[in-house]
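One structure is given below, encoded as C-alpha cells.
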2 protein chains.
Amino acid sequence: MILGALEAGGTKMVCALGDVQGNLHERMRVPTRTPEETIPEIVAFFAGKGIHALGIGSFGPLDLNKTSPAFGNITTTPKPGWGDFPLRARLADALGVPVGIDTDVNAAALGEAKLGAGKGLHTIAYFTVGTGIGGGGMVNGGLLHGLMHPEMGHLRIPHDLAADPYPGCCPYHGDCLEGLACGPAIAGRWGAPAETLPGDHPAWALEARYLAYGVVCYILTLSPQRVVVGGGVMAQPRLMPLLRAEVLALLNGYLQAPAILEGIDAYIVPPALGSRAGVVGALALAENALEADHA
Amino acid sequence: MILGALEAGGTKMVCALGDVQGNLHERMRVPTRTPEETIPEIVAFFAGKGIHALGIGSFGPLDLNKTSPAFGNITTTPKPGWGDFPLRARLADALGVPVGIDTDVNAAALGEAKLGAGKGLHTIAYFTVGTGIGGGGMVNGGLLHGLMHPEMGHLRIPHDLAADPYPGCCPYHGDCLEGLACGPAIAGRWGAPAETLPGDHPAWALEARYLAYGVVCYILTLSPQRVVVGGGVMAQPRLMPLLRAEVLALLNGYLQAPAILEGIDAYIVPPALGSRAGVVGALALAENALEADHA
C-alpha cells in the first residue's frame, strides 16, 4: 500500500511516497513559494501515483481542532499567501484521499516514536533547533494537542544581560528561548552563522545553557521517557554533550530517576531517523488518517 | 457503591468515604506523623466500612511505574520515615481492596477534569501554589506520567536580581519557580506570611509575574484547554486577575487563540471543587482502580 507524505516547511516542501514501515520510494523537493505556485506542484507529484492517504507535517500555527470549520488550515503565519490557507482541505479535494495533518514537530515526534529514538515508548518530547525552535511530543501514545498545539520555542527563560547583552530576535518576545537560541540568534549575537563557529567557540556553551532551560522545562512538565533533540543547529557535535551536562546541572539531582542520573546519554538523544523523521512521521499521519476513515 | 479516598499530604492526611459522583459521606483528618503512627489511623478509618476500592492522591515524589517493584512507593522525600515507604502496598494489604495512586496534583487535576472546572475537556493543566508549587495535568484524557510525573514547580524562570534580590528558597535550585513564588518564599522575601499581606502590597504583582512564567510554560508546552490554579496562596483575591493579565502580557498576542485572547477569565480559573478537588480526584482514582481490577 502506497502512502503519501508532505513535509511542508517555510522554505521548502518535501513530497514523498512510502509505506507503513517508513520506507521511502520516491521523493521530491520544491521551494515554498505562494500557494498558487506551490500547491499545483505538490498535487502533480502525488496525482496518479495511487496513494491511499496523505499525511502532512506542516509549519504553523495550524488549526488542529477537528470540529473547527478551519481544521487543517494554516492560521496566522506572516508568510505571504499562506495565512488562513486551507492546506489540508485543498489537498484532500485535489487528491480525493484521506488526509491527516499535524505540526511539523508533532509529525517528527510521531516518526521517532514509531520507528526511531522513541520506539516502544509512550511519552516522548521532540525538540528542533534551527531557523526557529519548535517542540512537539507524545503523551500516553497520543500527540500533544489540546487547545491548539505546543509552541514551546517561546518559553521565557533566565537571561543574564550582563553576561549576554544580545537582546534576542523574537518579534513577539525578544529574549524568549527561540529569541536567544535559534540559528539566527546565534548568527546575530556572534556576527557569523552558527555553522561557521568552531566547536570551542563560547557560542556553544551559552547555546547549551539556553537549550537546557527548554529541555528541563519539558522534563519537568511532561516527564518524557526520552527527549529527542534535532534540527540544523544540533549539527555542531560539541553541542549535544554540552546540553546533557547543562540539563544535569540545572536539575541538580532533584529528579531521582536513574534514566536521567545514570543514563543521560540515552535520555537526551538526536533523532534516530535524522532528517527523515518528519517525512516518516507524515507517512504515519497518512496511515492514521486511513484508519480513521475506515473506522 | 462506597469508595475510599486518601489525600496524603506532608502535614495532614484526609480520609473520606464517597461515591463515583464525587459525593462525600464521611471525612476524617489526622496529622501526618511517622508511618508507624499514621498508617494505623488511616486503616482504622477505612476498615469495616465496606469500601470497594481506595484512591490515593499523595505527596511525592512517587514511583508510578506500574511495572516497577516499587510501584506506589513514596521515594526520596526528606520527611522522616516516609522515604521509600510502600504507601500503596501497605494500604492494599491492610484493606484487601484495589488501590489506585497518583500524585496529589494529578489527583486534583483528575477531580477537576471529571467534576470541576475541566468537565468535558480532554487536556487541562492543574497548578497549586502553597507551601510548595506543584503541577499536574491531563492530556488526551490521560493523566501526565511518562518517566515519573511532572515536577513543574522547579522550572527555571527569569529572575531580575536588581528588582528582587531575594535569592529563592528551593534547597535544590535556589530561585526556581517554587523557590521564588511558594508561600514560604513570599514570607521570606517580605518578612510576613502571605496571608497577612494586603491586596495592594507589591508582593502580589511580583507573585503574579512569577506564576505567569509557570502558567505560560504550561500553555506553550501542553496547550491545555483550561488552566486551573489553586492552593493557599491563591486565596488573595487580587492575585488571580493579576495573574491573568501577566499571562496575556507575556504571551504578547503570539497564540492567536480566542479562548486565551478573548476568554482569559474562563481560561485561567480557580478549582471549581475548591479544596475538595484532591479528595474527589482520589475517589476517581479508586473508581479507575476498581475498573482496572475487573478488566
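Residue numbers start at 1 in each chain; chains themselves are named A, B, ... in the order of the C-alpha cells; ligands are numbered from 1 in the order shown.
When the distance limit is 8 Å and only C-alpha atoms are what count, the residues near Gly55 of chain A, minus those fewer than 5 positions from it on the same chain, are Leu3, Gly4, Ala5, Leu6, Val99, Gly100, Ile101, Ala282, Leu283, Ala284, Leu285, Ala286, Glu287 and Ala289 of chain A.
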Save the residues we just selected, N, CA, C and O atoms, as a PDB file, in the first residue's frame?
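Result file selection_16.pdb:
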```pdb
ATOM      1  N   LEU A   3       1.550   5.202   0.493  1.00  0.00           N
ATOM      2  CA  LEU A   3       1.078   6.372   1.223  1.00  0.00           C
ATOM      3  C   LEU A   3       1.865   7.592   0.759  1.00  0.00           C
ATOM      4  O   LEU A   3       3.012   7.472   0.316  1.00  0.00           O
ATOM      5  N   GLY A   4       1.238   8.757   0.879  1.00  0.00           N
ATOM      6  CA  GLY A   4       1.916   9.994   0.542  1.00  0.00           C
ATOM      7  C   GLY A   4       2.305  10.763   1.795  1.00  0.00           C
ATOM      8  O   GLY A   4       1.610  10.700   2.813  1.00  0.00           O
ATOM      9  N   ALA A   5       3.437  11.453   1.726  1.00  0.00           N
ATOM     10  CA  ALA A   5       3.900  12.270   2.854  1.00  0.00           C
ATOM     11  C   ALA A   5       4.284  13.644   2.337  1.00  0.00           C
ATOM     12  O   ALA A   5       4.956  13.766   1.311  1.00  0.00           O
ATOM     13  N   LEU A   6       3.834  14.661   3.055  1.00  0.00           N
ATOM     14  CA  LEU A   6       4.239  16.021   2.715  1.00  0.00           C
ATOM     15  C   LEU A   6       4.820  16.683   3.959  1.00  0.00           C
ATOM     16  O   LEU A   6       4.155  16.772   4.997  1.00  0.00           O
ATOM     17  N   VAL A  99      -6.742  12.658   4.313  1.00  0.00           N
ATOM     18  CA  VAL A  99      -5.540  13.445   4.572  1.00  0.00           C
ATOM     19  C   VAL A  99      -5.440  13.748   6.073  1.00  0.00           C
ATOM     20  O   VAL A  99      -6.364  14.311   6.655  1.00  0.00           O
ATOM     21  N   GLY A 100      -4.333  13.338   6.663  1.00  0.00           N
ATOM     22  CA  GLY A 100      -4.052  13.664   8.064  1.00  0.00           C
ATOM     23  C   GLY A 100      -3.080  14.826   8.130  1.00  0.00           C
ATOM     24  O   GLY A 100      -2.253  15.001   7.235  1.00  0.00           O
ATOM     25  N   ILE A 101      -3.189  15.629   9.175  1.00  0.00           N
ATOM     26  CA  ILE A 101      -2.287  16.777   9.285  1.00  0.00           C
ATOM     27  C   ILE A 101      -1.917  17.006  10.746  1.00  0.00           C
ATOM     28  O   ILE A 101      -2.720  16.752  11.650  1.00  0.00           O
ATOM     29  N   ALA A 282       5.041  11.870   8.724  1.00  0.00           N
ATOM     30  CA  ALA A 282       3.919  12.202   7.831  1.00  0.00           C
ATOM     31  C   ALA A 282       3.306  10.927   7.247  1.00  0.00           C
ATOM     32  O   ALA A 282       2.082  10.839   7.088  1.00  0.00           O
ATOM     33  N   LEU A 283       4.138   9.931   6.947  1.00  0.00           N
ATOM     34  CA  LEU A 283       3.589   8.639   6.495  1.00  0.00           C
ATOM     35  C   LEU A 283       2.698   8.035   7.586  1.00  0.00           C
ATOM     36  O   LEU A 283       1.641   7.471   7.296  1.00  0.00           O
ATOM     37  N   ALA A 284       3.143   8.153   8.843  1.00  0.00           N
ATOM     38  CA  ALA A 284       2.334   7.632   9.954  1.00  0.00           C
ATOM     39  C   ALA A 284       1.029   8.413  10.088  1.00  0.00           C
ATOM     40  O   ALA A 284      -0.024   7.840  10.399  1.00  0.00           O
ATOM     41  N   LEU A 285       1.064   9.714   9.835  1.00  0.00           N
ATOM     42  CA  LEU A 285      -0.170  10.508   9.845  1.00  0.00           C
ATOM     43  C   LEU A 285      -1.114  10.047   8.734  1.00  0.00           C
ATOM     44  O   LEU A 285      -2.336  10.009   8.918  1.00  0.00           O
ATOM     45  N   ALA A 286      -0.532   9.694   7.570  1.00  0.00           N
ATOM     46  CA  ALA A 286      -1.357   9.174   6.472  1.00  0.00           C
ATOM     47  C   ALA A 286      -2.020   7.864   6.886  1.00  0.00           C
ATOM     48  O   ALA A 286      -3.218   7.648   6.656  1.00  0.00           O
ATOM     49  N   GLU A 287      -1.235   7.000   7.526  1.00  0.00           N
ATOM     50  CA  GLU A 287      -1.770   5.715   7.984  1.00  0.00           C
ATOM     51  C   GLU A 287      -2.906   5.945   8.982  1.00  0.00           C
ATOM     52  O   GLU A 287      -3.970   5.312   8.894  1.00  0.00           O
ATOM     53  N   ALA A 289      -4.815   8.564   9.226  1.00  0.00           N
ATOM     54  CA  ALA A 289      -5.962   9.143   8.525  1.00  0.00           C
ATOM     55  C   ALA A 289      -6.763   8.050   7.812  1.00  0.00           C
ATOM     56  O   ALA A 289      -7.998   8.067   7.795  1.00  0.00           O
TER      57      ALA A 289
END
```
Excluding Phe45 of chain B and any residue of its chain fewer than 6 positions from it, enumerate the residues within 10 Å of it, using only C-alpha atoms, and give them as a short mmCIF file (atom, residue, chain, number, x, y, z; two decimals) with N, CA and C atoms, in the first residue's frame.
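Output file result16.cif follows:
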```cif
data_model
loop_
_atom_site.label_atom_id
_atom_site.label_comp_id
_atom_site.auth_asym_id
_atom_site.auth_seq_id
_atom_site.Cartn_x
_atom_site.Cartn_y
_atom_site.Cartn_z
N GLY B 4 -13.23 4.65 48.86
CA GLY B 4 -12.41 5.37 49.83
C GLY B 4 -11.47 6.33 49.13
N CYS B 15 -8.89 11.48 55.04
CA CYS B 15 -9.54 10.24 54.63
C CYS B 15 -11.02 10.55 54.40
N ALA B 16 -11.59 9.93 53.38
CA ALA B 16 -13.00 10.19 53.11
C ALA B 16 -13.67 8.97 52.50
N LEU B 17 -14.97 8.89 52.70
CA LEU B 17 -15.80 7.91 52.01
C LEU B 17 -16.69 8.67 51.03
N GLU B 26 -18.34 10.85 54.53
CA GLU B 26 -17.73 10.91 55.86
C GLU B 26 -16.29 11.31 55.64
N ARG B 27 -15.74 12.02 56.59
CA ARG B 27 -14.42 12.57 56.38
C ARG B 27 -13.65 12.59 57.68
N MET B 28 -12.35 12.35 57.63
CA MET B 28 -11.52 12.43 58.83
C MET B 28 -10.18 13.03 58.46
N ARG B 29 -9.61 13.75 59.39
CA ARG B 29 -8.34 14.41 59.14
C ARG B 29 -7.40 14.07 60.28
N ILE B 39 -0.30 5.35 59.57
CA ILE B 39 -0.97 4.33 58.75
C ILE B 39 -2.05 3.58 59.54
#
```
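Residues surrounding Cys217 of chain A within 10 Å are Met152, Leu155, Ile157, Leu211, Ala212, Tyr213, Thr221, Leu222, Ser223 and Val247 of chain A; Pro150, Glu151, Met152, Gly153, His154, Leu155, Arg156, Ile157, Gly214, Cys217, Tyr218 and Thr221 of chain B [only C-alpha atoms; sequence separation below 4 positions excluded].
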Take the residues from that selection and write them out as a PDB file, in the first residue's frame, keeping N, CA, C and O atoms.
```
ATOM      1  N   MET A 152       6.561  25.559  22.153  1.00  0.00           N
ATOM      2  CA  MET A 152       7.453  25.708  23.281  1.00  0.00           C
ATOM      3  C   MET A 152       8.723  26.491  22.991  1.00  0.00           C
ATOM      4  O   MET A 152       9.461  26.802  23.916  1.00  0.00           O
ATOM      5  N   LEU A 155       8.990  29.852  25.268  1.00  0.00           N
ATOM      6  CA  LEU A 155       9.175  29.881  26.719  1.00  0.00           C
ATOM      7  C   LEU A 155      10.037  31.053  27.139  1.00  0.00           C
ATOM      8  O   LEU A 155      11.013  31.373  26.460  1.00  0.00           O
ATOM      9  N   ILE A 157      12.882  32.261  29.573  1.00  0.00           N
ATOM     10  CA  ILE A 157      13.971  31.605  30.313  1.00  0.00           C
ATOM     11  C   ILE A 157      14.859  32.668  30.940  1.00  0.00           C
ATOM     12  O   ILE A 157      14.836  33.832  30.534  1.00  0.00           O
ATOM     13  N   LEU A 211      19.370  26.086  25.667  1.00  0.00           N
ATOM     14  CA  LEU A 211      18.564  24.925  25.267  1.00  0.00           C
ATOM     15  C   LEU A 211      18.220  24.061  26.480  1.00  0.00           C
ATOM     16  O   LEU A 211      17.136  23.474  26.552  1.00  0.00           O
ATOM     17  N   ALA A 212      19.154  23.989  27.433  1.00  0.00           N
ATOM     18  CA  ALA A 212      18.895  23.181  28.629  1.00  0.00           C
ATOM     19  C   ALA A 212      17.714  23.741  29.429  1.00  0.00           C
ATOM     20  O   ALA A 212      16.931  22.974  29.996  1.00  0.00           O
ATOM     21  N   TYR A 213      17.570  25.053  29.474  1.00  0.00           N
ATOM     22  CA  TYR A 213      16.388  25.603  30.138  1.00  0.00           C
ATOM     23  C   TYR A 213      15.111  25.048  29.496  1.00  0.00           C
ATOM     24  O   TYR A 213      14.152  24.708  30.179  1.00  0.00           O
ATOM     25  N   THR A 221       7.648  19.248  32.979  1.00  0.00           N
ATOM     26  CA  THR A 221       6.234  19.409  32.649  1.00  0.00           C
ATOM     27  C   THR A 221       5.631  18.109  32.116  1.00  0.00           C
ATOM     28  O   THR A 221       4.582  17.667  32.563  1.00  0.00           O
ATOM     29  N   LEU A 222       6.316  17.488  31.156  1.00  0.00           N
ATOM     30  CA  LEU A 222       5.773  16.291  30.507  1.00  0.00           C
ATOM     31  C   LEU A 222       6.283  14.997  31.122  1.00  0.00           C
ATOM     32  O   LEU A 222       5.697  13.945  30.918  1.00  0.00           O
ATOM     33  N   SER A 223       7.409  15.063  31.808  1.00  0.00           N
ATOM     34  CA  SER A 223       8.069  13.854  32.305  1.00  0.00           C
ATOM     35  C   SER A 223       8.236  12.810  31.189  1.00  0.00           C
ATOM     36  O   SER A 223       7.813  11.666  31.321  1.00  0.00           O
ATOM     37  N   VAL A 247      21.760  20.143  31.394  1.00  0.00           N
ATOM     38  CA  VAL A 247      20.490  19.644  31.933  1.00  0.00           C
ATOM     39  C   VAL A 247      20.716  19.016  33.312  1.00  0.00           C
ATOM     40  O   VAL A 247      19.981  19.299  34.273  1.00  0.00           O
TER      41      VAL A 247
ATOM     42  N   PRO B 150       5.035  14.957  36.519  1.00  0.00           N
ATOM     43  CA  PRO B 150       5.510  16.339  36.423  1.00  0.00           C
ATOM     44  C   PRO B 150       6.033  16.849  37.776  1.00  0.00           C
ATOM     45  O   PRO B 150       5.572  16.426  38.834  1.00  0.00           O
ATOM     46  N   GLU B 151       6.977  17.728  37.690  1.00  0.00           N
ATOM     47  CA  GLU B 151       7.529  18.398  38.885  1.00  0.00           C
ATOM     48  C   GLU B 151       7.710  19.854  38.514  1.00  0.00           C
ATOM     49  O   GLU B 151       8.776  20.425  38.667  1.00  0.00           O
ATOM     50  N   MET B 152       6.634  20.449  38.002  1.00  0.00           N
ATOM     51  CA  MET B 152       6.832  21.723  37.317  1.00  0.00           C
ATOM     52  C   MET B 152       7.101  22.901  38.238  1.00  0.00           C
ATOM     53  O   MET B 152       7.454  23.972  37.744  1.00  0.00           O
ATOM     54  N   GLY B 153       6.992  22.706  39.531  1.00  0.00           N
ATOM     55  CA  GLY B 153       7.382  23.775  40.439  1.00  0.00           C
ATOM     56  C   GLY B 153       8.848  24.164  40.305  1.00  0.00           C
ATOM     57  O   GLY B 153       9.238  25.261  40.694  1.00  0.00           O
ATOM     58  N   HIS B 154       9.643  23.275  39.729  1.00  0.00           N
ATOM     59  CA  HIS B 154      11.087  23.528  39.704  1.00  0.00           C
ATOM     60  C   HIS B 154      11.611  24.083  38.388  1.00  0.00           C
ATOM     61  O   HIS B 154      12.817  24.069  38.130  1.00  0.00           O
ATOM     62  N   LEU B 155      10.711  24.594  37.559  1.00  0.00           N
ATOM     63  CA  LEU B 155      11.109  25.313  36.344  1.00  0.00           C
ATOM     64  C   LEU B 155      12.043  26.460  36.666  1.00  0.00           C
ATOM     65  O   LEU B 155      11.853  27.150  37.671  1.00  0.00           O
ATOM     66  N   ARG B 156      12.989  26.714  35.782  1.00  0.00           N
ATOM     67  CA  ARG B 156      13.799  27.925  35.900  1.00  0.00           C
ATOM     68  C   ARG B 156      13.107  29.065  35.158  1.00  0.00           C
ATOM     69  O   ARG B 156      12.668  28.870  34.011  1.00  0.00           O
ATOM     70  N   ILE B 157      13.010  30.186  35.820  1.00  0.00           N
ATOM     71  CA  ILE B 157      12.311  31.335  35.234  1.00  0.00           C
ATOM     72  C   ILE B 157      13.189  32.569  35.331  1.00  0.00           C
ATOM     73  O   ILE B 157      14.149  32.592  36.106  1.00  0.00           O
ATOM     74  N   GLY B 214       5.316  30.398  34.942  1.00  0.00           N
ATOM     75  CA  GLY B 214       4.988  28.977  35.022  1.00  0.00           C
ATOM     76  C   GLY B 214       3.761  28.628  34.193  1.00  0.00           C
ATOM     77  O   GLY B 214       3.745  27.649  33.452  1.00  0.00           O
ATOM     78  N   CYS B 217       4.568  28.664  30.557  1.00  0.00           N
ATOM     79  CA  CYS B 217       5.303  27.442  30.207  1.00  0.00           C
ATOM     80  C   CYS B 217       4.342  26.286  29.977  1.00  0.00           C
ATOM     81  O   CYS B 217       4.455  25.552  29.003  1.00  0.00           O
ATOM     82  N   TYR B 218       3.377  26.131  30.889  1.00  0.00           N
ATOM     83  CA  TYR B 218       2.398  25.053  30.740  1.00  0.00           C
ATOM     84  C   TYR B 218       1.582  25.244  29.459  1.00  0.00           C
ATOM     85  O   TYR B 218       1.302  24.288  28.741  1.00  0.00           O
ATOM     86  N   THR B 221       3.696  24.395  26.413  1.00  0.00           N
ATOM     87  CA  THR B 221       4.166  23.014  26.348  1.00  0.00           C
ATOM     88  C   THR B 221       3.008  22.038  26.167  1.00  0.00           C
ATOM     89  O   THR B 221       3.054  21.157  25.316  1.00  0.00           O
TER      90      THR B 221
END
```
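For the choices B:Leu161, B:Ile51, B:Val269, B:Ala205, the atom-to-atom distance to chain A is smallest for B:Leu161 when using only C-alpha atoms.
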Each chain B residue no farther than 9 Å from chain A, nearest pair in Å, only C-alpha atoms, as JSON lines:
```
{"residue": "B:Pro61", "atom": "CA", "partner": "A:Leu255", "partner_atom": "CA", "distance": 8.5}
{"residue": "B:Thr75", "atom": "CA", "partner": "A:Gln256", "partner_atom": "CA", "distance": 8.4}
{"residue": "B:Thr76", "atom": "CA", "partner": "A:Gln256", "partner_atom": "CA", "distance": 7.3}
{"residue": "B:Leu121", "atom": "CA", "partner": "A:Gly146", "partner_atom": "CA", "distance": 8.7}
{"residue": "B:His122", "atom": "CA", "partner": "A:Gly146", "partner_atom": "CA", "distance": 7.1}
{"residue": "B:Thr123", "atom": "CA", "partner": "A:Gly146", "partner_atom": "CA", "distance": 5.2}
{"residue": "B:Ile124", "atom": "CA", "partner": "A:Gly146", "partner_atom": "CA", "distance": 7.8}
{"residue": "B:Gly135", "atom": "CA", "partner": "A:Thr221", "partner_atom": "CA", "distance": 7.8}
{"residue": "B:Gly136", "atom": "CA", "partner": "A:Thr221", "partner_atom": "CA", "distance": 8.1}
{"residue": "B:Gly137", "atom": "CA", "partner": "A:Thr221", "partner_atom": "CA", "distance": 9.0}
{"residue": "B:Val139", "atom": "CA", "partner": "A:Val139", "partner_atom": "CA", "distance": 6.8}
{"residue": "B:Asn140", "atom": "CA", "partner": "A:Gly142", "partner_atom": "CA", "distance": 7.0}
{"residue": "B:Gly142", "atom": "CA", "partner": "A:Asn140", "partner_atom": "CA", "distance": 7.0}
{"residue": "B:Leu143", "atom": "CA", "partner": "A:Asn140", "partner_atom": "CA", "distance": 8.4}
{"residue": "B:Leu144", "atom": "CA", "partner": "A:Leu222", "partner_atom": "CA", "distance": 6.6}
{"residue": "B:His145", "atom": "CA", "partner": "A:Ser223", "partner_atom": "CA", "distance": 6.2}
{"residue": "B:Gly146", "atom": "CA", "partner": "A:Pro224", "partner_atom": "CA", "distance": 5.0}
{"residue": "B:Leu147", "atom": "CA", "partner": "A:Gln225", "partner_atom": "CA", "distance": 4.5}
{"residue": "B:Met148", "atom": "CA", "partner": "A:Ser223", "partner_atom": "CA", "distance": 5.9}
{"residue": "B:His149", "atom": "CA", "partner": "A:Ser223", "partner_atom": "CA", "distance": 5.5}
{"residue": "B:Pro150", "atom": "CA", "partner": "A:Thr221", "partner_atom": "CA", "distance": 4.9}
{"residue": "B:Glu151", "atom": "CA", "partner": "A:Leu220", "partner_atom": "CA", "distance": 4.8}
{"residue": "B:Met152", "atom": "CA", "partner": "A:Leu220", "partner_atom": "CA", "distance": 4.8}
{"residue": "B:Gly153", "atom": "CA", "partner": "A:Leu220", "partner_atom": "CA", "distance": 8.0}
{"residue": "B:His154", "atom": "CA", "partner": "A:Leu220", "partner_atom": "CA", "distance": 7.2}
{"residue": "B:Leu155", "atom": "CA", "partner": "A:Cys217", "partner_atom": "CA", "distance": 5.8}
{"residue": "B:Arg156", "atom": "CA", "partner": "A:Ile157", "partner_atom": "CA", "distance": 6.7}
{"residue": "B:Ile157", "atom": "CA", "partner": "A:Ile157", "partner_atom": "CA", "distance": 5.2}
{"residue": "B:Pro158", "atom": "CA", "partner": "A:Pro158", "partner_atom": "CA", "distance": 4.0}
{"residue": "B:His159", "atom": "CA", "partner": "A:Pro158", "partner_atom": "CA", "distance": 6.6}
{"residue": "B:Asp160", "atom": "CA", "partner": "A:Asp160", "partner_atom": "CA", "distance": 8.7}
{"residue": "B:Tyr172", "atom": "CA", "partner": "A:Asn252", "partner_atom": "CA", "distance": 6.3}
{"residue": "B:His173", "atom": "CA", "partner": "A:Asn252", "partner_atom": "CA", "distance": 7.1}
{"residue": "B:Tyr213", "atom": "CA", "partner": "A:Arg156", "partner_atom": "CA", "distance": 6.7}
{"residue": "B:Val216", "atom": "CA", "partner": "A:Leu155", "partner_atom": "CA", "distance": 7.2}
{"residue": "B:Cys217", "atom": "CA", "partner": "A:Leu155", "partner_atom": "CA", "distance": 5.8}
{"residue": "B:Tyr218", "atom": "CA", "partner": "A:Thr221", "partner_atom": "CA", "distance": 7.1}
{"residue": "B:Ile219", "atom": "CA", "partner": "A:Pro150", "partner_atom": "CA", "distance": 7.6}
{"residue": "B:Leu220", "atom": "CA", "partner": "A:Met152", "partner_atom": "CA", "distance": 4.8}
{"residue": "B:Thr221", "atom": "CA", "partner": "A:Pro150", "partner_atom": "CA", "distance": 4.9}
{"residue": "B:Leu222", "atom": "CA", "partner": "A:Pro150", "partner_atom": "CA", "distance": 5.9}
{"residue": "B:Ser223", "atom": "CA", "partner": "A:Gly146", "partner_atom": "CA", "distance": 5.2}
{"residue": "B:Pro224", "atom": "CA", "partner": "A:Gly146", "partner_atom": "CA", "distance": 5.0}
{"residue": "B:Gln225", "atom": "CA", "partner": "A:Leu147", "partner_atom": "CA", "distance": 4.5}
{"residue": "B:Arg226", "atom": "CA", "partner": "A:Leu147", "partner_atom": "CA", "distance": 8.0}
{"residue": "B:Leu250", "atom": "CA", "partner": "A:His173", "partner_atom": "CA", "distance": 7.5}
{"residue": "B:Leu251", "atom": "CA", "partner": "A:His173", "partner_atom": "CA", "distance": 7.6}
{"residue": "B:Asn252", "atom": "CA", "partner": "A:Tyr172", "partner_atom": "CA", "distance": 6.3}
{"residue": "B:Gly253", "atom": "CA", "partner": "A:Tyr172", "partner_atom": "CA", "distance": 7.6}
{"residue": "B:Tyr254", "atom": "CA", "partner": "A:Tyr172", "partner_atom": "CA", "distance": 6.4}
{"residue": "B:Leu255", "atom": "CA", "partner": "A:Glu151", "partner_atom": "CA", "distance": 8.4}
{"residue": "B:Gln256", "atom": "CA", "partner": "A:Thr76", "partner_atom": "CA", "distance": 7.3}
{"residue": "B:Ala257", "atom": "CA", "partner": "A:Met148", "partner_atom": "CA", "distance": 7.8}
{"residue": "B:Ala259", "atom": "CA", "partner": "A:Leu147", "partner_atom": "CA", "distance": 8.2}
```
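Rounded to one decimal, atom CA of Leu87 of chain A and atom CA of Pro69 of chain A lie 12.8 Å from each other.
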Atom CA of Gly134 of chain A and atom CA of Ala266 of chain B are how many Å apart?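 Atom CA of Ala266 of chain B lies at a distance of 27.4 Å from atom CA of Gly134 of chain A.
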Segment 39-253 of chain B: which residues are alpha helix (DSSP H) by DSSP, as a ChimeraX atom specification? /B:39-46,87-95,104-115,177-181,183-190,202-222,239-251
Gap from atom CA of His294 of chain B to atom CA of Leu54 of chain B - Å, one decimal: 14.4 Å
May I have all residues of segment 32-89 of chain B that DSSP, computed from the backbone, assigns to strand (DSSP E), given as a PyMOL selection string? chain B and resi 54-58
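Residues in contact with Leu206 of chain B at up to 10 Å, not including ones fewer than 5 positions away on its chain and judged by only C-alpha atoms, are Ala163, Asp164, Leu180, Ala181, Ile186, His201, Leu211, Ala212, Leu239, Leu242, Leu243 and Glu246 of chain B.
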Please provide as a short mmCIF file (atom, residue, chain, number, x, y, z; two decimals) with C-alpha atoms, in the first residue's frame all residues within 10 Å of Thr128 of chain A, with the sequence filter that same-chain residues fewer than 5 positions apart are discarded (counting only C-alpha atoms).
```
data_model
loop_
_atom_site.label_atom_id
_atom_site.label_comp_id
_atom_site.auth_asym_id
_atom_site.auth_seq_id
_atom_site.Cartn_x
_atom_site.Cartn_y
_atom_site.Cartn_z
CA ASP A 104 5.97 19.51 11.57
CA VAL A 105 7.35 18.84 15.05
CA ALA A 108 8.63 14.26 13.57
CA ILE A 133 12.79 26.41 17.88
CA GLY A 134 9.82 24.09 17.98
CA GLY A 135 8.62 21.32 20.20
CA GLY A 136 6.20 18.50 19.89
CA GLY A 153 10.06 27.75 21.45
CA CYS A 182 17.62 29.78 17.35
CA VAL A 228 14.82 13.85 21.12
CA VAL A 229 16.66 16.99 20.01
CA GLY A 230 17.26 17.66 16.34
CA GLY A 231 17.49 20.50 13.85
CA GLY A 232 20.30 22.20 11.96
CA VAL A 233 21.92 23.90 14.96
CA MET A 234 22.49 20.49 16.61
CA PRO A 270 19.44 13.01 18.40
CA PRO A 271 16.63 11.81 16.10
#
```
Closest to Ala245 of chain B among B:Ala208, B:Leu273, B:Val227, B:Leu110, using only C-alpha atoms? B:Ala208
